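Colleague: I'd like to ask you about the structure that follows.
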Amino acid sequence: MKMVIRWFPDGDTVTLEQIRQIPGVTGVATFLADIPAGEVWTDDQIKAVKDRVNEAGLEMEVIESINVHEDIKKGLPSKDMYIENYITTMRNLARAGVKCVCYNFMPVMDWFRSDLYLPLEDGSFAMSYSHDAAKKLTLDKMLDSMMEGSNDFSLPGWEPERFAAMAKDIEFYQNVSQDEYFNNIKYFLDAIMPVAEECGIDFGVHPDDPPFPLFNLPKVVNCRDSIRRYLDLNRSKRNGLTLCTGSLGANKDNDVAAIAGEFAKEGRIPFVHLRNIKHTSDTDFHESAHLSSCGDLDMYAIVKALMDNGFDGYIRPDHGRKIWGEVSRPGYGLYDRALGAAYINGLWEAVSKQ
Ligand code: DNO
């Protein structure tokens, strides 16, 4: 197992020097911030970020994410050009020593929360999700808030141009069936997996977050069966899952430890996002500190399932709460993620010595 921390090269409040001082952390999960989805990441651009990371004494073996252009998701004729670009980026990253790529195939949107700063009893703030509140959010309201420069809905990892095209895209998908959408995924996977094999890069698709339907968009990966379906679309071992415990765990029906064990055993989990959540109803939850006792997920059981089944990939602590007055991107401050890393290291050592 190698522990990494997500780091945004475009003005992160958390520095590489700080990350270097978190015990057990050997690298970052990062990306090239200025390049719109669909464009090639050149050798020079990759080198510029890698040099910064390496100079701080850290590795850049994990990329989170190379975003998939919406035309590929929609299955439009222009998809082939964007897939070619994707493949060129993969080859360039492989030459720079990248071993793992986290990406998603969620239509239009990446992860979604209805509140970024829910006050918790202990004085910290956490991101939360209310299904009713999410249903009440109209696209217009979200766009207005972004136009006004409010950061109420600014989500790290989303590129600005995705917002602008959002309304049109949501409309487009109203006529796309789940099966058609999976055909588009298969087309993409069949094109990139031979290259992933050749370059030695593991791909981990990120689950839908939250795992509930929003805006009537096709859902992709949100439970054991849909993970199986996704991985069966292309049987290359490089076609894997980013096991995001908080995303999958948001659906109470998901047994996250069982999912971790089943897919780790097959060598299909190259990357794990570990975090805990606390349910407030069947659909609603808020994020919590990483400890099992702070949320509803049994983090020990998840780590043990991974380890017992031969997991040998990358792990990162996922979203942290806002604590100790830290100002940062929502979910991606230093303090609570560093506490999460320390806790995960402790679980790992304990399980490994049993
Ligand atoms: C959220 C992240 C996701 C993830 C993407 C991968 O905090 O885990 O934004 O990076 O879905 O493409």
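Identifiers in the structure tokens: chain A, B, ... in order shown; residue index from 1 per chain; ligand index from 1 in order shown.
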9 Å from ligand 1 is the threshold here; counting only C-alpha atoms and all ligand atoms, which polymer residues fall inside it? Answer as JSON, numbers by chain.

Modeller: {"A": [6, 64, 65, 66, 67, 68, 101, 102, 103, 104, 105, 106, 109, 110, 111, 112, 155, 156, 157, 158, 204, 205, 206, 207, 208, 209, 242, 244, 247, 273, 318, 319, 331, 332]}

Colleague: Within 12 Å of Pro218 of chain A, counting only C-alpha atoms, which residues show up once you throw out same-chain ones fewer than 2 positions away? Write them as number ranges by chain, please.

Modeller: A: 73-74, 105-109, 169-182, 184-185, 208, 211-216, 220-222, 226

Colleague: Name the residues in contact with Phe125 of chain A at a cut-off of 6 Å, using only C-alpha atoms, excluding same-chain residues fewer than 5 positions from it; report them as a list in words.

Modeller: Tyr117, Leu118, Pro119, Leu120, Arg321 and Lys322 of chain A

Colleague: Kindly export the residues of the current selection with N, CA, C and O atoms, as a compact mmCIF listing (two decimals), in the first residue's frame.

Modeller:
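Output file part.txt follows:
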```
# COMPACT_ATOMS: atom_id res chain seq x y z
N TYR A 117 -20.82 23.28 4.24
CA TYR A 117 -20.34 23.57 5.60
C TYR A 117 -21.44 23.35 6.63
O TYR A 117 -21.88 24.29 7.28
N LEU A 118 -21.85 22.15 6.82
CA LEU A 118 -22.85 21.85 7.85
C LEU A 118 -22.15 21.86 9.22
O LEU A 118 -21.18 21.13 9.42
N PRO A 119 -22.65 22.69 10.17
CA PRO A 119 -21.98 22.70 11.48
C PRO A 119 -22.27 21.39 12.23
O PRO A 119 -23.42 20.97 12.31
N LEU A 120 -21.24 20.77 12.75
CA LEU A 120 -21.42 19.56 13.56
C LEU A 120 -21.32 19.94 15.04
O LEU A 120 -20.87 21.02 15.40
N ARG A 321 -13.19 17.20 7.31
CA ARG A 321 -14.07 18.29 7.78
C ARG A 321 -13.25 19.57 7.83
O ARG A 321 -12.03 19.54 7.78
N LYS A 322 -13.95 20.67 7.97
CA LYS A 322 -13.25 21.95 8.21
C LYS A 322 -13.07 22.03 9.72
O LYS A 322 -14.06 22.11 10.46
```

Colleague: As a JSON list (two decimals) with all heavy atoms, in the first residue's frame, please: every residue in segment 197-339 of chain A that DSSP puts in alpha helix (DSSP H).

Modeller:
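Result went into out10.json, see below:
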```
[["chain", "number", "residue", "atom", "x", "y", "z"],
["A", 197, "GLU", "N", -2.76, -1.40, -20.82],
["A", 197, "GLU", "CA", -1.97, -2.64, -20.66],
["A", 197, "GLU", "C", -0.52, -2.38, -21.10],
["A", 197, "GLU", "O", 0.43, -2.70, -20.39],
["A", 197, "GLU", "CB", -2.51, -3.75, -21.58],
["A", 197, "GLU", "CG", -3.91, -4.21, -21.25],
["A", 197, "GLU", "CD", -3.90, -5.35, -20.24],
["A", 197, "GLU", "OE1", -2.81, -5.80, -19.86],
["A", 197, "GLU", "OE2", -5.01, -5.77, -19.84],
["A", 198, "GLU", "N", -0.42, -1.80, -22.26],
["A", 198, "GLU", "CA", 0.91, -1.55, -22.85],
["A", 198, "GLU", "C", 1.74, -0.60, -21.98],
["A", 198, "GLU", "O", 2.92, -0.80, -21.78],
["A", 198, "GLU", "CB", 0.62, -0.92, -24.21],
["A", 198, "GLU", "CG", 1.74, -0.73, -25.16],
["A", 198, "GLU", "CD", 1.19, 0.17, -26.29],
["A", 198, "GLU", "OE1", 0.14, -0.14, -26.90],
["A", 198, "GLU", "OE2", 1.84, 1.21, -26.54],
["A", 199, "CYS", "N", 1.07, 0.42, -21.41],
["A", 199, "CYS", "CA", 1.81, 1.43, -20.63],
["A", 199, "CYS", "C", 1.94, 1.06, -19.17],
["A", 199, "CYS", "O", 2.61, 1.76, -18.41],
["A", 199, "CYS", "CB", 1.07, 2.76, -20.62],
["A", 199, "CYS", "SG", 0.76, 3.54, -22.13],
["A", 224, "ARG", "N", -22.59, -3.00, -5.79],
["A", 224, "ARG", "CA", -21.80, -4.16, -6.19],
["A", 224, "ARG", "C", -22.12, -4.57, -7.64],
["A", 224, "ARG", "O", -21.21, -4.83, -8.44],
["A", 224, "ARG", "CB", -22.08, -5.31, -5.21],
["A", 224, "ARG", "CG", -21.26, -6.52, -5.45],
["A", 224, "ARG", "CD", -22.10, -7.64, -6.03],
["A", 224, "ARG", "NE", -21.26, -8.71, -6.53],
["A", 224, "ARG", "CZ", -21.51, -9.37, -7.64],
["A", 224, "ARG", "NH1", -22.56, -9.09, -8.38],
["A", 224, "ARG", "NH2", -20.71, -10.33, -8.02],
["A", 225, "ASP", "N", -23.40, -4.63, -7.98],
["A", 225, "ASP", "CA", -23.77, -5.13, -9.31],
["A", 225, "ASP", "C", -23.33, -4.18, -10.43],
["A", 225, "ASP", "O", -22.92, -4.62, -11.50],
["A", 225, "ASP", "CB", -25.28, -5.38, -9.40],
["A", 225, "ASP", "CG", -25.67, -6.59, -8.57],
["A", 225, "ASP", "OD1", -24.77, -7.30, -8.05],
["A", 225, "ASP", "OD2", -26.89, -6.83, -8.41],
["A", 226, "SER", "N", -23.47, -2.88, -10.18],
["A", 226, "SER", "CA", -23.05, -1.97, -11.26],
["A", 226, "SER", "C", -21.53, -1.91, -11.38],
["A", 226, "SER", "O", -20.99, -1.70, -12.47],
["A", 226, "SER", "CB", -23.67, -0.57, -11.09],
["A", 226, "SER", "OG", -23.40, -0.05, -9.83],
["A", 227, "ILE", "N", -20.83, -2.14, -10.28],
["A", 227, "ILE", "CA", -19.36, -2.23, -10.37],
["A", 227, "ILE", "C", -19.01, -3.44, -11.23],
["A", 227, "ILE", "O", -18.18, -3.38, -12.15],
["A", 227, "ILE", "CB", -18.70, -2.38, -8.98],
["A", 227, "ILE", "CG1", -18.96, -1.15, -8.13],
["A", 227, "ILE", "CG2", -17.19, -2.64, -9.12],
["A", 227, "ILE", "CD1", -18.60, -1.32, -6.65],
["A", 228, "ARG", "N", -19.67, -4.55, -10.93],
["A", 228, "ARG", "CA", -19.41, -5.78, -11.71],
["A", 228, "ARG", "C", -19.70, -5.52, -13.19],
["A", 228, "ARG", "O", -18.93, -5.88, -14.06],
["A", 228, "ARG", "CB", -20.29, -6.90, -11.15],
["A", 228, "ARG", "CG", -20.23, -8.21, -11.90],
["A", 228, "ARG", "CD", -18.84, -8.81, -11.95],
["A", 228, "ARG", "NE", -18.37, -9.26, -10.65],
["A", 228, "ARG", "CZ", -17.08, -9.41, -10.32],
["A", 228, "ARG", "NH1", -16.13, -9.12, -11.17],
["A", 228, "ARG", "NH2", -16.73, -9.82, -9.12],
["A", 229, "ARG", "N", -20.82, -4.87, -13.46],
["A", 229, "ARG", "CA", -21.17, -4.62, -14.86],
["A", 229, "ARG", "C", -20.09, -3.77, -15.54],
["A", 229, "ARG", "O", -19.69, -4.04, -16.67],
["A", 229, "ARG", "CB", -22.54, -3.91, -14.91],
["A", 229, "ARG", "CG", -23.02, -3.65, -16.31],
["A", 229, "ARG", "CD", -24.41, -3.03, -16.34],
["A", 229, "ARG", "NE", -24.81, -2.83, -17.74],
["A", 229, "ARG", "CZ", -25.88, -2.16, -18.11],
["A", 229, "ARG", "NH1", -26.69, -1.63, -17.22],
["A", 229, "ARG", "NH2", -26.16, -1.99, -19.39],
["A", 230, "TYR", "N", -19.64, -2.74, -14.83],
["A", 230, "TYR", "CA", -18.64, -1.84, -15.40],
["A", 230, "TYR", "C", -17.33, -2.60, -15.68],
["A", 230, "TYR", "O", -16.74, -2.46, -16.75],
["A", 230, "TYR", "CB", -18.37, -0.68, -14.43],
["A", 230, "TYR", "CG", -17.65, 0.49, -15.06],
["A", 230, "TYR", "CD1", -18.36, 1.63, -15.43],
["A", 230, "TYR", "CD2", -16.28, 0.47, -15.29],
["A", 230, "TYR", "CE1", -17.71, 2.71, -16.01],
["A", 230, "TYR", "CE2", -15.63, 1.54, -15.87],
["A", 230, "TYR", "CZ", -16.34, 2.67, -16.23],
["A", 230, "TYR", "OH", -15.71, 3.72, -16.81],
["A", 231, "LEU", "N", -16.91, -3.39, -14.71],
["A", 231, "LEU", "CA", -15.62, -4.08, -14.88],
["A", 231, "LEU", "C", -15.71, -5.19, -15.93],
["A", 231, "LEU", "O", -14.72, -5.51, -16.59],
["A", 231, "LEU", "CB", -15.12, -4.64, -13.54],
["A", 231, "LEU", "CG", -14.87, -3.61, -12.43],
["A", 231, "LEU", "CD1", -14.14, -4.24, -11.26],
["A", 231, "LEU", "CD2", -14.10, -2.39, -12.93],
["A", 232, "ASP", "N", -16.91, -5.74, -16.10],
["A", 232, "ASP", "CA", -17.09, -6.78, -17.13],
["A", 232, "ASP", "C", -17.15, -6.20, -18.55],
["A", 232, "ASP", "O", -17.02, -6.94, -19.52],
["A", 232, "ASP", "CB", -18.39, -7.57, -16.88],
["A", 232, "ASP", "CG", -18.18, -8.64, -15.82],
["A", 232, "ASP", "OD1", -17.01, -8.83, -15.38],
["A", 232, "ASP", "OD2", -19.17, -9.29, -15.42],
["A", 233, "LEU", "N", -17.36, -4.91, -18.66],
["A", 233, "LEU", "CA", -17.42, -4.30, -20.00],
["A", 233, "LEU", "C", -16.10, -4.50, -20.73],
["A", 233, "LEU", "O", -16.04, -4.63, -21.94],
["A", 233, "LEU", "CB", -17.69, -2.80, -19.91],
["A", 233, "LEU", "CG", -19.09, -2.37, -19.50],
["A", 233, "LEU", "CD1", -19.13, -0.84, -19.34],
["A", 233, "LEU", "CD2", -20.13, -2.83, -20.51],
["A", 245, "THR", "N", -15.09, 4.83, -0.30],
["A", 245, "THR", "CA", -15.96, 4.26, 0.74],
["A", 245, "THR", "C", -17.13, 5.19, 1.07],
["A", 245, "THR", "O", -18.23, 4.73, 1.34],
["A", 245, "THR", "CB", -15.16, 3.97, 2.02],
["A", 245, "THR", "OG1", -14.59, 5.19, 2.51],
["A", 245, "THR", "CG2", -14.05, 2.96, 1.75],
["A", 246, "GLY", "N", -16.87, 6.49, 1.04],
["A", 246, "GLY", "CA", -17.94, 7.44, 1.36],
["A", 246, "GLY", "C", -19.01, 7.47, 0.30],
["A", 246, "GLY", "O", -20.20, 7.60, 0.60],
["A", 247, "SER", "N", -18.61, 7.35, -0.99],
["A", 247, "SER", "CA", -19.61, 7.37, -2.06],
["A", 247, "SER", "C", -20.48, 6.12, -1.99],
["A", 247, "SER", "O", -21.70, 6.20, -1.98],
["A", 247, "SER", "CB", -18.94, 7.40, -3.44],
["A", 247, "SER", "OG", -18.06, 8.49, -3.52],
["A", 248, "LEU", "N", -19.84, 4.97, -1.95],
["A", 248, "LEU", "CA", -20.62, 3.72, -1.93],
["A", 248, "LEU", "C", -21.39, 3.59, -0.62],
["A", 248, "LEU", "O", -22.54, 3.13, -0.60],
["A", 248, "LEU", "CB", -19.69, 2.52, -2.13],
["A", 248, "LEU", "CG", -19.08, 2.42, -3.53],
["A", 248, "LEU", "CD1", -17.93, 1.42, -3.56],
["A", 248, "LEU", "CD2", -20.14, 2.04, -4.56],
["A", 249, "GLY", "N", -20.75, 4.02, 0.47],
["A", 249, "GLY", "CA", -21.38, 3.87, 1.78],
["A", 249, "GLY", "C", -22.60, 4.76, 1.98],
["A", 249, "GLY", "O", -23.38, 4.55, 2.90],
["A", 256, "VAL", "N", -19.81, -2.12, 2.19],
["A", 256, "VAL", "CA", -18.56, -1.62, 1.58],
["A", 256, "VAL", "C", -17.40, -2.58, 1.82],
["A", 256, "VAL", "O", -16.57, -2.81, 0.94],
["A", 256, "VAL", "CB", -18.22, -0.21, 2.10],
["A", 256, "VAL", "CG1", -16.96, 0.32, 1.42],
["A", 256, "VAL", "CG2", -19.38, 0.76, 1.81],
["A", 257, "ALA", "N", -17.35, -3.20, 3.00],
["A", 257, "ALA", "CA", -16.25, -4.14, 3.26],
["A", 257, "ALA", "C", -16.35, -5.34, 2.32],
["A", 257, "ALA", "O", -15.34, -5.82, 1.80],
["A", 257, "ALA", "CB", -16.27, -4.58, 4.72],
["A", 258, "ALA", "N", -17.57, -5.82, 2.08],
["A", 258, "ALA", "CA", -17.74, -6.97, 1.18],
["A", 258, "ALA", "C", -17.34, -6.59, -0.24],
["A", 258, "ALA", "O", -16.66, -7.35, -0.94],
["A", 258, "ALA", "CB", -19.20, -7.46, 1.21],
["A", 259, "ILE", "N", -17.71, -5.39, -0.66],
["A", 259, "ILE", "CA", -17.33, -4.92, -2.00],
["A", 259, "ILE", "C", -15.81, -4.81, -2.10],
["A", 259, "ILE", "O", -15.18, -5.25, -3.06],
["A", 259, "ILE", "CB", -18.01, -3.56, -2.31],
["A", 259, "ILE", "CG1", -19.53, -3.75, -2.44],
["A", 259, "ILE", "CG2", -17.43, -2.94, -3.58],
["A", 259, "ILE", "CD1", -20.32, -2.45, -2.59],
["A", 260, "ALA", "N", -15.20, -4.26, -1.03],
["A", 260, "ALA", "CA", -13.74, -4.10, -1.01],
["A", 260, "ALA", "C", -13.07, -5.47, -1.16],
["A", 260, "ALA", "O", -12.15, -5.65, -1.96],
["A", 260, "ALA", "CB", -13.29, -3.44, 0.29],
["A", 261, "GLY", "N", -13.55, -6.45, -0.40],
["A", 261, "GLY", "CA", -12.94, -7.78, -0.42],
["A", 261, "GLY", "C", -13.11, -8.45, -1.78],
["A", 261, "GLY", "O", -12.14, -8.99, -2.34],
["A", 262, "GLU", "N", -14.32, -8.38, -2.31],
["A", 262, "GLU", "CA", -14.60, -9.09, -3.58],
["A", 262, "GLU", "C", -13.71, -8.57, -4.71],
["A", 262, "GLU", "O", -13.11, -9.36, -5.45],
["A", 262, "GLU", "CB", -16.08, -8.89, -3.94],
["A", 262, "GLU", "CG", -16.44, -9.49, -5.29],
["A", 262, "GLU", "CD", -17.93, -9.39, -5.62],
["A", 262, "GLU", "OE1", -18.75, -9.13, -4.71],
["A", 262, "GLU", "OE2", -18.26, -9.56, -6.82],
["A", 263, "PHE", "N", -13.62, -7.25, -4.84],
["A", 263, "PHE", "CA", -12.90, -6.72, -6.00],
["A", 263, "PHE", "C", -11.39, -6.63, -5.76],
["A", 263, "PHE", "O", -10.61, -6.70, -6.72],
["A", 263, "PHE", "CB", -13.51, -5.39, -6.44],
["A", 263, "PHE", "CG", -14.90, -5.58, -6.98],
["A", 263, "PHE", "CD1", -16.03, -5.32, -6.21],
["A", 263, "PHE", "CD2", -15.10, -6.11, -8.25],
["A", 263, "PHE", "CE1", -17.32, -5.54, -6.69],
["A", 263, "PHE", "CE2", -16.38, -6.34, -8.75],
["A", 263, "PHE", "CZ", -17.49, -6.06, -7.97],
["A", 264, "ALA", "N", -10.99, -6.51, -4.49],
["A", 264, "ALA", "CA", -9.54, -6.54, -4.21],
["A", 264, "ALA", "C", -8.98, -7.92, -4.55],
["A", 264, "ALA", "O", -7.88, -8.04, -5.08],
["A", 264, "ALA", "CB", -9.27, -6.19, -2.75],
["A", 265, "LYS", "N", -9.76, -8.94, -4.24],
["A", 265, "LYS", "CA", -9.31, -10.31, -4.49],
["A", 265, "LYS", "C", -9.02, -10.54, -5.97],
["A", 265, "LYS", "O", -8.13, -11.31, -6.34],
["A", 265, "LYS", "CB", -10.42, -11.26, -4.04],
["A", 265, "LYS", "CG", -10.00, -12.68, -3.96],
["A", 265, "LYS", "CD", -11.10, -13.50, -3.30],
["A", 265, "LYS", "CE", -10.50, -14.81, -2.82],
["A", 265, "LYS", "NZ", -11.35, -15.49, -1.88],
["A", 299, "MET", "N", -14.46, 1.23, 9.42],
["A", 299, "MET", "CA", -13.23, 1.45, 8.66],
["A", 299, "MET", "C", -12.23, 0.31, 8.88],
["A", 299, "MET", "O", -11.49, -0.06, 7.98],
["A", 299, "MET", "CB", -12.60, 2.79, 9.06],
["A", 299, "MET", "CG", -13.54, 3.98, 8.91],
["A", 299, "MET", "SD", -14.22, 4.16, 7.25],
["A", 299, "MET", "CE", -12.92, 5.09, 6.48],
["A", 300, "TYR", "N", -12.25, -0.24, 10.08],
["A", 300, "TYR", "CA", -11.38, -1.39, 10.36],
["A", 300, "TYR", "C", -11.74, -2.54, 9.43],
["A", 300, "TYR", "O", -10.86, -3.16, 8.81],
["A", 300, "TYR", "CB", -11.53, -1.79, 11.83],
["A", 300, "TYR", "CG", -10.91, -3.13, 12.14],
["A", 300, "TYR", "CD1", -9.54, -3.24, 12.38],
["A", 300, "TYR", "CD2", -11.70, -4.29, 12.18],
["A", 300, "TYR", "CE1", -8.97, -4.48, 12.65],
["A", 300, "TYR", "CE2", -11.12, -5.53, 12.44],
["A", 300, "TYR", "CZ", -9.76, -5.62, 12.68],
["A", 300, "TYR", "OH", -9.19, -6.84, 12.93],
["A", 301, "ALA", "N", -13.04, -2.84, 9.32],
["A", 301, "ALA", "CA", -13.47, -3.97, 8.49],
["A", 301, "ALA", "C", -13.10, -3.74, 7.03],
["A", 301, "ALA", "O", -12.70, -4.66, 6.32],
["A", 301, "ALA", "CB", -14.99, -4.18, 8.62],
["A", 302, "ILE", "N", -13.18, -2.50, 6.58],
["A", 302, "ILE", "CA", -12.85, -2.19, 5.18],
["A", 302, "ILE", "C", -11.34, -2.38, 4.93],
["A", 302, "ILE", "O", -10.92, -3.03, 3.98],
["A", 302, "ILE", "CB", -13.30, -0.75, 4.82],
["A", 302, "ILE", "CG1", -14.84, -0.67, 4.86],
["A", 302, "ILE", "CG2", -12.78, -0.35, 3.44],
["A", 302, "ILE", "CD1", -15.40, 0.74, 4.81],
["A", 303, "VAL", "N", -10.54, -1.83, 5.84],
["A", 303, "VAL", "CA", -9.08, -1.98, 5.68],
["A", 303, "VAL", "C", -8.69, -3.45, 5.75],
["A", 303, "VAL", "O", -7.88, -3.95, 4.98],
["A", 303, "VAL", "CB", -8.34, -1.14, 6.76],
["A", 303, "VAL", "CG1", -6.87, -1.52, 6.85],
["A", 303, "VAL", "CG2", -8.48, 0.34, 6.45],
["A", 304, "LYS", "N", -9.32, -4.18, 6.68],
["A", 304, "LYS", "CA", -9.00, -5.61, 6.82],
["A", 304, "LYS", "C", -9.40, -6.38, 5.56],
["A", 304, "LYS", "O", -8.65, -7.24, 5.08],
["A", 304, "LYS", "CB", -9.71, -6.17, 8.05],
["A", 304, "LYS", "CG", -9.37, -7.61, 8.32],
["A", 304, "LYS", "CD", -9.69, -8.00, 9.76],
["A", 304, "LYS", "CE", -9.66, -9.51, 9.98],
["A", 304, "LYS", "NZ", -8.53, -10.21, 9.40],
["A", 305, "ALA", "N", -10.57, -6.04, 5.01],
["A", 305, "ALA", "CA", -11.02, -6.75, 3.80],
["A", 305, "ALA", "C", -10.04, -6.49, 2.65],
["A", 305, "ALA", "O", -9.71, -7.39, 1.88],
["A", 305, "ALA", "CB", -12.42, -6.28, 3.41],
["A", 306, "LEU", "N", -9.56, -5.27, 2.56],
["A", 306, "LEU", "CA", -8.60, -4.95, 1.50],
["A", 306, "LEU", "C", -7.32, -5.77, 1.70],
["A", 306, "LEU", "O", -6.81, -6.41, 0.78],
["A", 306, "LEU", "CB", -8.24, -3.46, 1.53],
["A", 306, "LEU", "CG", -9.32, -2.49, 1.02],
["A", 306, "LEU", "CD1", -8.93, -1.06, 1.38],
["A", 306, "LEU", "CD2", -9.50, -2.64, -0.49],
["A", 307, "MET", "N", -6.84, -5.71, 2.92],
["A", 307, "MET", "CA", -5.55, -6.36, 3.19],
["A", 307, "MET", "C", -5.64, -7.88, 3.07],
["A", 307, "MET", "O", -4.79, -8.51, 2.45],
["A", 307, "MET", "CB", -5.11, -5.97, 4.60],
["A", 307, "MET", "CG", -3.66, -6.24, 4.82],
["A", 307, "MET", "SD", -3.18, -5.52, 6.38],
["A", 307, "MET", "CE", -2.43, -4.04, 5.84],
["A", 308, "ASP", "N", -6.71, -8.45, 3.61],
["A", 308, "ASP", "CA", -6.87, -9.92, 3.54],
["A", 308, "ASP", "C", -6.99, -10.40, 2.09],
["A", 308, "ASP", "O", -6.77, -11.58, 1.81],
["A", 308, "ASP", "CB", -8.14, -10.37, 4.29],
["A", 308, "ASP", "CG", -7.98, -10.26, 5.79],
["A", 308, "ASP", "OD1", -6.85, -10.00, 6.24],
["A", 308, "ASP", "OD2", -8.99, -10.41, 6.51],
["A", 335, "TYR", "N", -5.72, 19.71, 7.82],
["A", 335, "TYR", "CA", -5.76, 19.15, 9.18],
["A", 335, "TYR", "C", -6.54, 17.83, 9.27],
["A", 335, "TYR", "O", -6.05, 16.84, 9.77],
["A", 335, "TYR", "CB", -6.35, 20.16, 10.16],
["A", 335, "TYR", "CG", -5.63, 21.50, 10.19],
["A", 335, "TYR", "CD1", -6.34, 22.68, 10.36],
["A", 335, "TYR", "CD2", -4.24, 21.56, 10.07],
["A", 335, "TYR", "CE1", -5.69, 23.91, 10.41],
["A", 335, "TYR", "CE2", -3.58, 22.78, 10.12],
["A", 335, "TYR", "CZ", -4.32, 23.96, 10.28],
["A", 335, "TYR", "OH", -3.67, 25.16, 10.33],
["A", 336, "ASP", "N", -7.77, 17.85, 8.80],
["A", 336, "ASP", "CA", -8.57, 16.64, 9.02],
["A", 336, "ASP", "C", -8.12, 15.50, 8.12],
["A", 336, "ASP", "O", -8.25, 14.33, 8.48],
["A", 336, "ASP", "CB", -10.07, 16.93, 8.81],
["A", 336, "ASP", "CG", -10.93, 15.96, 9.61],
["A", 336, "ASP", "OD1", -10.52, 15.58, 10.72],
["A", 336, "ASP", "OD2", -12.00, 15.56, 9.12],
["A", 337, "ARG", "N", -7.55, 15.84, 6.97],
["A", 337, "ARG", "CA", -7.05, 14.76, 6.11],
["A", 337, "ARG", "C", -5.77, 14.16, 6.71],
["A", 337, "ARG", "O", -5.52, 12.97, 6.61],
["A", 337, "ARG", "CB", -6.81, 15.26, 4.69],
["A", 337, "ARG", "CG", -8.12, 15.49, 3.94],
["A", 337, "ARG", "CD", -7.88, 15.75, 2.47],
["A", 337, "ARG", "NE", -7.06, 16.92, 2.23],
["A", 337, "ARG", "CZ", -6.29, 17.09, 1.16],
["A", 337, "ARG", "NH1", -6.24, 16.16, 0.23],
["A", 337, "ARG", "NH2", -5.59, 18.19, 1.01],
["A", 338, "ALA", "N", -4.96, 15.03, 7.35],
["A", 338, "ALA", "CA", -3.74, 14.50, 8.00],
["A", 338, "ALA", "C", -4.13, 13.59, 9.17],
["A", 338, "ALA", "O", -3.52, 12.54, 9.39],
["A", 338, "ALA", "CB", -2.86, 15.65, 8.48],
["A", 339, "LEU", "N", -5.17, 14.00, 9.91],
["A", 339, "LEU", "CA", -5.64, 13.12, 10.99],
["A", 339, "LEU", "C", -6.14, 11.79, 10.40],
["A", 339, "LEU", "O", -5.90, 10.72, 10.95],
["A", 339, "LEU", "CB", -6.80, 13.78, 11.76],
["A", 339, "LEU", "CG", -6.47, 15.02, 12.59],
["A", 339, "LEU", "CD1", -7.75, 15.59, 13.21],
["A", 339, "LEU", "CD2", -5.47, 14.66, 13.69]]
```

Colleague: Restricting the calculation to only C-alpha atoms: of A:Tyr82, A:Tyr187, A:Phe31, A:Phe271, which residue gets closest to Cys100 of chain A?

Modeller: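 Of A:Tyr82, A:Tyr187, A:Phe31, A:Phe271, the one nearest Cys100 of chain A, counting only C-alpha atoms, is A:Phe271.
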
Colleague: Contacts of Glu59 of chain A at 10 Å or less, counting only C-alpha atoms, minus same-chain residues fewer than 4 places along, as a list of chain:residue names?

Modeller: A:Val4, A:Val25, A:Thr26, A:Gly27, A:Val28, A:Ala29, A:Lys50, A:Asp51, A:Arg52, A:Val53, A:Asn54, A:Glu55, A:Gly97, A:Val98

Colleague: Determine which residues of segment 103-344 of chain A DSSP labels as strand (DSSP E) from the backbone of this structure, then write them out as a PyMOL selection string.

Modeller: chain A and resi 103+115-119+125-129+202-205+239-244+271-274+276-279+285-288+314-317

Colleague: Mind pulling up the distance from atom CA of Gly267 of chain A to atom CA of Asn234 of chain A?

Modeller: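 According to the coordinates, atom CA of Asn234 of chain A and atom CA of Gly267 of chain A are separated by 14.2 Å.
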